[in-house]
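With mmCIF, C-alpha atoms inside, this is final_14.cif:
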```cif
data_structure
loop_
_atom_site.label_atom_id
_atom_site.label_comp_id
_atom_site.auth_asym_id
_atom_site.auth_seq_id
_atom_site.Cartn_x
_atom_site.Cartn_y
_atom_site.Cartn_z
CA MET A 39 -29.45 11.58 6.89
CA LYS A 40 -29.14 11.41 3.09
CA SER A 41 -27.17 14.65 3.13
CA LEU A 42 -24.76 13.28 5.72
CA LEU A 43 -24.32 10.07 3.73
CA PHE A 44 -23.67 12.00 0.53
CA PHE A 45 -21.16 14.22 2.34
CA ALA A 46 -19.34 11.18 3.75
CA LEU A 47 -19.20 9.53 0.35
CA PHE A 48 -17.99 12.77 -1.22
CA LEU A 49 -15.20 13.10 1.32
CA THR A 50 -14.15 9.49 0.77
CA SER A 51 -14.09 9.98 -3.00
CA PHE A 52 -12.27 13.30 -2.69
CA SER A 53 -9.68 11.83 -0.33
CA PHE A 54 -9.02 8.94 -2.70
CA SER A 55 -8.64 11.23 -5.70
CA GLN A 56 -6.10 13.28 -3.75
CA ASN A 57 -4.03 10.22 -2.79
CA LYS A 58 -4.58 7.71 -5.57
CA TYR A 59 -0.91 7.64 -6.61
CA THR A 60 0.80 8.12 -3.26
CA VAL A 61 2.82 5.50 -1.38
CA SER A 62 0.54 2.73 -0.09
CA LYS A 63 0.61 -0.89 0.98
CA ALA A 64 -0.23 -1.95 -2.56
CA ASN A 65 2.30 0.49 -4.11
CA PRO A 66 5.14 0.96 -1.59
CA PHE A 67 6.98 3.39 -3.87
CA GLY A 68 3.90 5.19 -5.20
CA LEU A 69 2.81 5.55 -8.83
CA PRO A 70 3.31 8.18 -11.54
CA ASN A 71 0.28 10.45 -11.87
CA PRO A 72 -1.08 10.43 -15.45
CA GLU A 73 -1.81 14.16 -15.04
CA ALA A 74 1.91 14.87 -14.50
CA PRO A 75 4.19 15.69 -17.45
CA ASN A 76 5.23 12.58 -19.37
CA GLN A 77 8.77 13.10 -18.07
CA ILE A 78 7.60 11.91 -14.64
CA LYS A 79 8.56 8.47 -15.99
CA ASP A 80 12.17 9.46 -16.71
CA PHE A 81 13.15 7.97 -13.33
CA GLU A 82 10.77 5.00 -13.67
CA ARG A 83 13.52 2.37 -13.78
CA LEU A 84 15.18 3.85 -10.71
CA ILE A 85 12.04 3.71 -8.56
CA GLY A 86 12.49 1.24 -5.70
CA LYS A 87 15.52 0.32 -3.63
CA CYS A 88 19.06 -0.54 -4.71
CA HIS A 89 22.21 -1.60 -2.88
CA CYS A 90 25.10 0.58 -4.01
CA LYS A 91 28.85 1.10 -3.73
CA SER A 92 29.99 4.73 -3.40
CA THR A 93 33.53 6.02 -3.85
CA THR A 94 34.93 9.55 -3.85
CA ARG A 95 38.24 11.10 -4.87
CA ASN A 96 40.85 11.85 -2.20
CA GLN A 97 42.90 15.04 -2.19
CA ASP A 98 45.87 13.04 -3.48
CA GLN A 99 43.70 12.09 -6.49
CA THR A 100 43.33 8.45 -5.44
CA TRP A 101 39.89 6.96 -4.87
CA THR A 102 38.49 5.95 -1.50
CA GLU A 103 37.54 2.37 -0.75
CA PRO A 104 33.92 1.71 -1.86
CA GLN A 105 31.35 2.44 0.83
CA ASN A 106 28.07 0.55 1.12
CA MET A 107 24.88 2.55 0.79
CA THR A 108 21.24 2.12 -0.19
CA TRP A 109 19.47 4.40 -2.65
CA GLU A 110 15.67 4.43 -2.51
CA TRP A 111 13.32 6.21 -4.90
CA LYS A 112 9.58 6.87 -4.75
CA TYR A 113 6.85 9.04 -6.26
CA ILE A 114 5.58 11.83 -4.00
CA MET A 115 2.93 14.57 -4.10
CA ASN A 116 0.36 12.06 -5.36
CA GLY A 117 2.63 10.98 -8.19
CA MET A 118 3.53 14.47 -9.42
CA ALA A 119 7.20 14.44 -8.33
CA VAL A 120 10.02 12.08 -7.34
CA GLN A 121 11.96 11.82 -4.08
CA ASP A 122 15.11 9.82 -3.41
CA GLU A 123 17.11 9.07 -0.28
CA THR A 124 20.59 7.64 0.25
CA LEU A 125 21.62 5.96 3.50
CA LYS A 126 25.38 5.47 3.84
CA GLU A 127 27.23 3.32 6.34
CA ASP A 128 29.25 6.32 7.58
CA GLY A 129 26.04 8.16 8.54
CA ALA A 130 26.35 10.82 5.81
CA HIS A 131 22.81 10.52 4.50
CA SER A 132 21.29 12.64 1.75
CA GLY A 133 18.27 13.01 -0.50
CA SER A 134 16.61 15.02 -3.23
CA ILE A 135 13.20 16.20 -4.36
CA ARG A 136 12.87 16.10 -8.14
CA GLN A 137 10.18 17.97 -10.07
CA PHE A 138 9.82 18.43 -13.83
CA ILE A 139 8.63 21.89 -14.89
CA ALA A 140 7.04 21.75 -18.32
CA ASP A 141 7.43 25.47 -19.04
CA SER A 142 11.23 25.14 -19.04
CA SER A 143 11.32 21.47 -20.15
CA LYS A 144 13.73 20.68 -17.31
CA TRP A 145 14.03 18.67 -14.16
CA TYR A 146 14.79 20.71 -11.03
CA VAL A 147 16.51 18.73 -8.30
CA HIS A 148 16.76 20.13 -4.77
CA TYR A 149 19.44 18.38 -2.71
CA TYR A 150 19.75 18.06 1.06
CA SER A 151 22.23 16.28 3.34
CA SER A 152 22.54 15.29 7.00
CA THR A 153 26.17 16.50 7.04
CA ALA A 154 25.50 19.95 5.57
CA PRO A 155 22.08 21.29 6.62
CA SER A 156 21.17 24.44 4.70
CA SER A 157 18.36 26.99 4.69
CA VAL A 158 18.77 27.22 0.91
CA LEU A 159 18.93 23.89 -0.91
CA PRO A 160 21.36 23.59 -3.84
CA THR A 161 19.58 22.95 -7.12
CA TRP A 162 20.53 21.02 -10.23
CA GLU A 163 18.80 21.35 -13.61
CA GLY A 164 18.69 18.95 -16.52
CA THR A 165 16.89 16.42 -18.69
CA LYS A 166 16.90 12.86 -19.95
CA THR A 167 19.05 12.66 -23.08
CA ALA A 168 18.48 10.77 -26.32
CA ASN A 169 20.80 7.94 -25.21
CA GLY A 170 18.73 7.33 -22.07
CA ASN A 171 21.07 9.02 -19.61
CA ILE A 172 19.76 11.58 -17.13
CA VAL A 173 22.11 14.56 -16.94
CA LEU A 174 21.88 17.41 -14.42
CA TYR A 175 23.97 20.59 -14.04
CA ARG A 176 24.81 23.18 -11.42
CA ASP A 177 27.13 26.16 -11.92
CA GLN A 178 30.45 25.65 -10.14
CA LYS A 179 33.89 27.18 -10.61
CA ALA A 180 36.99 25.02 -10.70
CA PRO A 181 39.59 25.57 -7.92
CA ASN A 182 41.58 27.72 -10.39
CA GLY A 183 38.55 29.95 -11.00
CA ILE A 184 37.48 28.62 -14.42
CA ASP A 185 33.71 28.74 -14.94
CA GLY A 186 32.03 25.39 -15.29
CA PHE A 187 29.42 22.98 -13.99
CA PHE A 188 29.22 20.19 -11.51
CA ARG A 189 27.52 17.58 -13.68
CA LEU A 190 25.58 14.57 -12.41
CA THR A 191 24.89 11.69 -14.81
CA PHE A 192 22.78 8.57 -14.38
CA TYR A 193 23.77 6.00 -16.99
CA ASP A 194 23.69 2.25 -17.77
CA ILE A 195 20.10 2.35 -16.47
CA SER A 196 18.35 -1.03 -16.57
CA ASP A 197 16.05 -3.22 -14.50
CA ALA A 198 19.18 -4.63 -12.84
CA GLY A 199 20.43 -1.24 -11.58
CA TYR A 200 22.24 1.89 -12.72
CA LYS A 201 25.44 3.91 -12.38
CA TRP A 202 25.97 7.52 -11.34
CA ILE A 203 28.91 9.88 -11.66
CA GLY A 204 29.52 13.39 -10.34
CA GLU A 205 32.17 15.42 -12.12
CA TRP A 206 33.31 18.96 -12.76
CA THR A 207 33.23 20.03 -16.39
CA ASP A 208 34.00 23.25 -18.20
CA LYS A 209 31.19 25.19 -19.88
CA ASN A 210 31.87 23.50 -23.24
CA GLU A 211 32.05 20.07 -21.59
CA ASN A 212 35.44 19.42 -23.18
CA VAL A 213 37.28 19.01 -19.88
CA THR A 214 35.92 16.77 -17.12
CA PHE A 215 37.16 15.77 -13.69
CA PRO A 216 35.17 13.04 -11.88
CA THR A 217 35.03 13.26 -8.09
CA TRP A 218 32.30 10.80 -7.07
CA LYS A 219 31.07 7.49 -8.48
CA ILE A 220 28.21 5.22 -7.43
CA ASP A 221 27.31 1.76 -8.78
CA CYS A 222 23.83 0.48 -7.84
CA LYS A 223 22.31 -2.98 -8.21
CA ARG A 224 18.86 -4.22 -7.32
CA ALA A 225 18.88 -7.03 -4.80
CA THR A 226 17.95 -10.36 -6.36
CA HIS A 227 15.32 -12.20 -4.41
CA LYS A 228 12.47 -14.61 -4.80
CA ALA A 229 9.38 -12.71 -5.83
CA THR A 230 6.91 -12.26 -3.00
CA ASP A 231 3.22 -13.11 -3.35
CA LEU A 232 2.47 -9.38 -3.50
CA GLU A 233 4.98 -8.85 -6.31
CA ILE A 234 3.58 -11.81 -8.27
CA ILE A 235 0.03 -10.43 -8.04
CA LYS A 236 1.16 -6.97 -9.14
CA THR A 237 3.11 -8.49 -12.03
CA ASN A 238 0.04 -10.47 -13.08
CA ILE A 239 -2.10 -7.32 -12.96
CA ARG A 240 0.28 -5.61 -15.39
CA ALA A 241 0.43 -8.75 -17.56
CA PHE A 242 -3.39 -8.75 -17.82
CA SER A 243 -3.35 -5.23 -19.27
CA LYS A 244 -0.51 -6.09 -21.63
CA ALA A 245 -2.33 -9.18 -22.93
CA TYR A 246 -5.56 -7.25 -23.44
CA MET A 247 -3.85 -4.45 -25.37
CA SER A 248 -1.91 -6.90 -27.56
CA GLY A 249 -5.00 -9.01 -28.29
CA ASP A 250 -3.56 -12.10 -26.59
CA ILE A 251 -6.96 -13.34 -25.39
CA ASP A 252 -5.76 -16.92 -24.78
CA GLY A 253 -3.02 -15.55 -22.52
CA LEU A 254 -5.51 -13.28 -20.76
CA VAL A 255 -8.01 -16.10 -20.13
CA ASN A 256 -5.20 -18.29 -18.79
CA MET A 257 -4.74 -15.78 -15.98
CA TYR A 258 -8.02 -17.06 -14.50
CA THR A 259 -8.40 -20.29 -12.56
CA ASP A 260 -10.08 -23.20 -14.34
CA ASP A 261 -13.25 -22.36 -12.41
CA GLY A 262 -12.77 -18.60 -12.70
CA LYS A 263 -15.82 -16.36 -12.96
CA ILE A 264 -16.44 -12.82 -14.17
CA PHE A 265 -19.31 -10.47 -13.29
CA PRO A 266 -19.68 -7.98 -16.17
CA ASN A 267 -22.11 -5.05 -16.18
CA ASN A 268 -25.70 -6.05 -16.98
CA LEU A 269 -24.83 -9.69 -17.72
CA LYS A 270 -25.13 -12.98 -15.92
CA ILE A 271 -22.11 -14.52 -14.26
CA LEU A 272 -19.78 -16.02 -16.89
CA GLU A 273 -17.46 -18.92 -16.09
CA GLY A 274 -15.19 -21.45 -17.73
CA LYS A 275 -12.47 -20.81 -20.30
CA ALA A 276 -14.90 -20.76 -23.23
CA GLY A 277 -17.25 -18.29 -21.59
CA LEU A 278 -14.41 -15.99 -20.57
CA LYS A 279 -12.80 -16.12 -24.00
CA SER A 280 -16.09 -15.27 -25.68
CA TYR A 281 -16.50 -12.19 -23.47
CA TRP A 282 -12.93 -10.88 -23.72
CA THR A 283 -12.47 -11.44 -27.45
CA ILE A 284 -12.04 -8.05 -29.12
CA PRO A 285 -14.46 -7.39 -32.03
CA ASP A 286 -12.99 -7.43 -35.53
CA GLY A 287 -11.60 -4.05 -36.50
CA ALA A 288 -11.40 -2.80 -32.92
CA LYS A 289 -8.29 -2.37 -30.76
CA ILE A 290 -7.56 -1.72 -27.09
CA LEU A 291 -5.28 1.32 -27.13
CA HIS A 292 -4.84 1.60 -23.39
CA HIS A 293 -5.58 -0.48 -20.31
CA LYS A 294 -4.30 0.11 -16.81
CA VAL A 295 -5.31 -1.27 -13.41
CA THR A 296 -4.39 0.67 -10.27
CA PRO A 297 -4.87 -1.36 -7.07
CA THR A 298 -5.88 0.54 -3.96
CA GLU A 299 -5.31 -2.40 -1.64
CA ILE A 300 -4.02 -5.97 -1.99
CA THR A 301 -4.55 -8.28 0.97
CA ILE A 302 -3.21 -11.83 1.08
CA GLU A 303 -4.49 -14.54 3.44
CA ASN A 304 -2.69 -17.86 2.98
CA GLU A 305 -3.68 -19.21 -0.47
CA THR A 306 -6.34 -16.56 -1.14
CA ALA A 307 -6.05 -12.82 -1.80
CA TYR A 308 -8.27 -9.94 -2.74
CA ASP A 309 -7.55 -6.61 -4.30
CA TYR A 310 -9.69 -3.66 -5.27
CA GLY A 311 -9.11 -0.39 -7.02
CA TYR A 312 -9.70 1.40 -10.29
CA TYR A 313 -9.12 0.67 -13.96
CA GLU A 314 -8.98 2.85 -17.05
CA GLY A 315 -8.71 2.30 -20.77
CA LYS A 316 -9.31 3.45 -24.29
CA THR A 317 -10.82 1.55 -27.23
CA LEU A 318 -10.40 2.26 -30.94
CA THR A 319 -13.64 1.11 -32.58
CA LYS A 320 -13.90 -0.36 -36.06
CA ASP A 321 -15.22 3.07 -37.11
CA LYS A 322 -11.93 4.61 -35.89
CA ALA A 323 -13.56 6.39 -32.96
CA GLU A 324 -11.62 6.50 -29.69
CA ILE A 325 -13.68 5.81 -26.57
CA SER A 326 -12.21 6.25 -23.10
CA TRP A 327 -13.60 4.44 -20.06
CA GLN A 328 -12.81 3.85 -16.42
CA GLY A 329 -14.30 2.02 -13.48
CA LYS A 330 -13.77 0.25 -10.18
CA TYR A 331 -13.23 -3.45 -9.48
CA ILE A 332 -12.75 -6.21 -6.92
CA ILE A 333 -10.75 -9.37 -7.67
CA ILE A 334 -10.42 -12.55 -5.60
CA TRP A 335 -7.18 -14.43 -6.32
CA LYS A 336 -6.24 -18.04 -5.67
CA LYS A 337 -2.74 -19.43 -5.48
CA VAL A 338 -2.34 -22.21 -8.05
CA ASP A 339 0.98 -24.00 -8.64
CA ASN A 340 3.00 -21.24 -6.96
CA THR A 341 1.43 -18.45 -8.98
CA TRP A 342 -1.69 -16.35 -8.46
CA LYS A 343 -4.73 -16.61 -10.72
CA ILE A 344 -8.00 -14.71 -10.80
CA TYR A 345 -10.92 -16.66 -9.31
CA LEU A 346 -13.63 -13.98 -9.11
CA ASP A 347 -13.56 -10.73 -11.12
CA ILE A 348 -16.27 -8.07 -10.72
CA TRP A 349 -16.26 -4.52 -12.02
CA ASN A 350 -18.49 -1.64 -13.09
CA ASN A 351 -17.93 1.54 -15.01
CA LEU A 352 -17.68 5.09 -13.71
CA ARG A 353 -19.18 8.05 -15.49
CA LEU A 354 -16.55 10.15 -17.25
#
```

This entry written out as C-alpha cells:
Amino acid sequence: MKSLLFFALFLTSFSFSQNKYTVSKANPFGLPNPEAPNQIKDFERLIGKCHCKSTTRNQDQTWTEPQNMTWEWKYIMNGMAVQDETLKEDGAHSGSIRQFIADSSKWYVHYYSSTAPSSVLPTWEGTKTANGNIVLYRDQKAPNGIDGFFRLTFYDISDAGYKWIGEWTDKNENVTFPTWKIDCKRATHKATDLEIIKTNIRAFSKAYMSGDIDGLVNMYTDDGKIFPNNLKILEGKAGLKSYWTIPDGAKILHHKVTPTEITIENETAYDYGYYEGKTLTKDKAEISWQGKYIIIWKKVDNTWKIYLDIWNNLRL
C-alpha cells in the first residue's frame, strides 16, 4: 500500500514538474520556464491577445484597406518556446512556432498558414536588437533577381500593443520595400477578479524584493493571518510586519510565486502553487529556497487581499 501511495505521489509530482509552465486556468497564456534561455522573455510583452489592423501592398503599389485580425501569443512546451496565431476576417489564418537556440544565439521561427499548407515550413532567423525591436530574416530574391532578405520587424513594443512590418531588403539593408504592415493594440477592459489577484501576487513579490514591508503587509486583510514553518499563527498588522521585516544587512534578491490554480467563489478565492526565492545574507552568502503554498483571498473594497497564508519549504 505504501509503495502504491509513493508511486501515485511520484507520478503527481512528475506530472506537475512536466507541466508547471504550460497553459492553465491560472495562466491562460502559459509562463516562461526559468530553465529556458533568458531570451524566452524577448516576446514577453507580446504574450496575450491583441486586436490588430493588417494591410498589404497591391500590385499597383497602393495599400489595401486595413483588415481586422487578432494576434494571440502563448508559451508552449512547458514554457520553453513561444507560439502565436493570427485569425483574420478573410479566413486567411496563420501562425508560428518560435524557439531560441542558444548555440547560435538566434530565434528560429517556423511559419504556417491556412492558405498555403506546406510539408516544409518556411523559417525566419533573428534576434532582439539593442533598441528593443525583434528582427527576423529569410533569404529571398527580389523580382529582378537581386539577392536579399524578407525582413520581419516588431517595433514600438509596449504594454499597450506593438507594430509589425514585413519588407524586402537587399543584403546590405540599404534598400527596403515594405509589403505588409500590422498595427496591434491590446483591448482595454476592466480588470477581472482573476487579473487583480494575479497582479497582487506579482506586487507581493515586488514589495518583498524592494523591502517595502508596509506595502507588503497592506496586501493582507486587517484580520489577515499567516502560518509560517514551525511557528504559531501570526495575525494583525504588527505581527505580520514583525515577521516579514528583512534583517539588517540582508536583501531579497529574488521572489516569484507561480499559481497552479486560482478559484474564485463570490467574495472569496483560493489559490495554491509554488514559490521560489533567493536571499543575500548579511554575510554576503546567497541562499536559494522554494516551497509550496495555499492562500485564501477576500474581496475588500473592490480589490483582493490575503486573508489566510500558509506555506512550507521544499528540499532543494

With 12 Å as the cut-off and only C-alpha atoms counted, what is the closest atom pair between each nearby residue of segment 240-262 of chain A and segment 302-319 of chain A? Distances in Å to one decimal, ordered by chain and number, as a tab-separated table.
```
residue	atom	partner	partner_atom	distance
A:Arg240	CA	A:Tyr313	CA	11.4
A:Phe242	CA	A:Tyr313	CA	11.7
A:Ser243	CA	A:Gly315	CA	9.4
A:Lys244	CA	A:Gly315	CA	11.8
A:Tyr246	CA	A:Gly315	CA	10.4
A:Met247	CA	A:Thr317	CA	9.4
```

Query raised in the report: Suppose you want the space between atom CA of Asn116 of chain A and atom CA of Thr60 of chain A; what is it in Å?
Result: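 Separation of atom CA of Asn116 of chain A and atom CA of Thr60 of chain A: 4.5 Å.
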
Report task. Kindly resolve the PyMOL selection byres ((chain A and resi 206) around 6) on the present coordinates and return the residues as a list of chain:residue names. Result ->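 Applying the PyMOL selection byres ((chain A and resi 206) around 6) to the structure shown produces A:Phe187, A:Phe188, A:Glu205, A:Thr207, A:Thr214, A:Phe215.
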
Requested in this report: Please provide as a list in words all residues within 6 Å of Thr108 of chain A, with the sequence filter that same-chain residues fewer than 3 positions apart are discarded (counting only C-alpha atoms).
Outcome: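 My reading of the contact set: Cys88, His89, Cys90, Thr124 and Leu125 of chain A.
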
Query raised in the report: Can you tell me, as a PyMOL selection string, what residues are no more than 10 Å from Ile344 of chain A when counting only C-alpha atoms, ignoring any on the same chain fewer than 2 positions away?
Result: chain A and resi 235+238-239+255-264+306-308+333-338+342+346-347

Query raised in the report: Could you pull the residues within 12 Å of Ser142 of chain A, counting all atoms listed in the file, minus those fewer than 3 positions along the same chain, as a list in words?
Result: Pro75, Gln137, Phe138, Ile139, Trp145, Tyr146, Glu163, Gly164 and Thr165 of chain A

Resulting file, chosen residues, C-alpha atoms, as a tab-separated table (two decimals), in the coordinates of the input:
```
chain	number	residue	atom	x	y	z
A	75	PRO	CA	4.19	15.69	-17.45
A	137	GLN	CA	10.18	17.97	-10.07
A	138	PHE	CA	9.82	18.43	-13.83
A	139	ILE	CA	8.63	21.89	-14.89
A	145	TRP	CA	14.03	18.67	-14.16
A	146	TYR	CA	14.79	20.71	-11.03
A	163	GLU	CA	18.80	21.35	-13.61
A	164	GLY	CA	18.69	18.95	-16.52
A	165	THR	CA	16.89	16.42	-18.69
```

Report task. Can you work out which one of A:Ile348, A:Gly253, A:Lys279, A:Ile300 has the shortest atom-to-atom distance to Pro266 of chain A, counting all atoms listed in the file? Result ->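 That would be A:Ile348, the residue with the smallest distance to Pro266 of chain A.
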
Report task. Check which residues satisfy the PyMOL selection byres ((chain A and resi 190) around 9) in the file shown, then give them as a list in words. Result ->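 When the PyMOL selection byres ((chain A and resi 190) around 9) is applied, the selected residues are Trp162, Ile172, Val173, Leu174, Tyr175, Arg176, Phe188, Arg189, Thr191, Phe192, Trp202, Ile203, Gly204, Glu205 and Trp206 of chain A.
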
Report summary line: As a check of understanding: the span from atom CA of Ile85 of chain A to atom CA of Arg224 of chain A is 10.5 Å

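When atom CA of Leu84 of chain A is paired with atom CA of Ala154 of chain A, their separation reads 25.1 Å.
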
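Neighbouring residues of segment 128-131 of chain A at 6 Å or closer, counting all atoms listed in the file and skipping chain neighbours under 5 positions away, are Ser151, Ser152 and Thr153 of chain A.
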
**Report entry** Residue contacts of Phe265 of chain A (12 Å, all atoms listed in the file) excluding same-chain residues fewer than 3 positions away, as a VMD selection string
**Finding:** chain A and resid 262 268 to 273 277 to 278 281 331 to 334 345 to 350

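Using only C-alpha atoms, the smallest distance between any of A:Arg136, A:Lys144, A:Lys79, A:Lys223 and Ser92 of chain A comes from A:Lys223.
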
Query raised in the report: If the PyMOL selection byres ((chain A and resi 209) around 7) is run on the structure shown, which residues does it catch, given as a count of residues only?
Result: 7

Report task. Select, from A:Lys112, A:Lys63, A:His292, A:Lys201, the residue with the minimum atom-to-atom distance to Lys87 of chain A, counting only C-alpha atoms. Result ->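 Looking only at the distances to Lys87 of chain A, the closest residue turns out to be A:Lys112.
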
May I have the centre and edge lengths, in Å to one decimal, of an axis-aligned box around the listed atoms of segment 200-213 of chain A with 4 Å added to every side, as JSON?
```
{"center_x": 29.8, "center_y": 13.5, "center_z": -16.8, "size_x": 23.0, "size_y": 31.3, "size_z": 20.9}
```

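Each of A:Lys236, A:Lys275, A:Lys166, A:Lys322 was compared to Thr298 of chain A using all atoms listed in the file, and A:Lys236 turns out to be the nearest.
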
Query - From A:Arg95, A:Lys343, A:Ala245, A:Gly287, residue lying nearest Lys219 of chain A [only C-alpha atoms] - result: A:Arg95
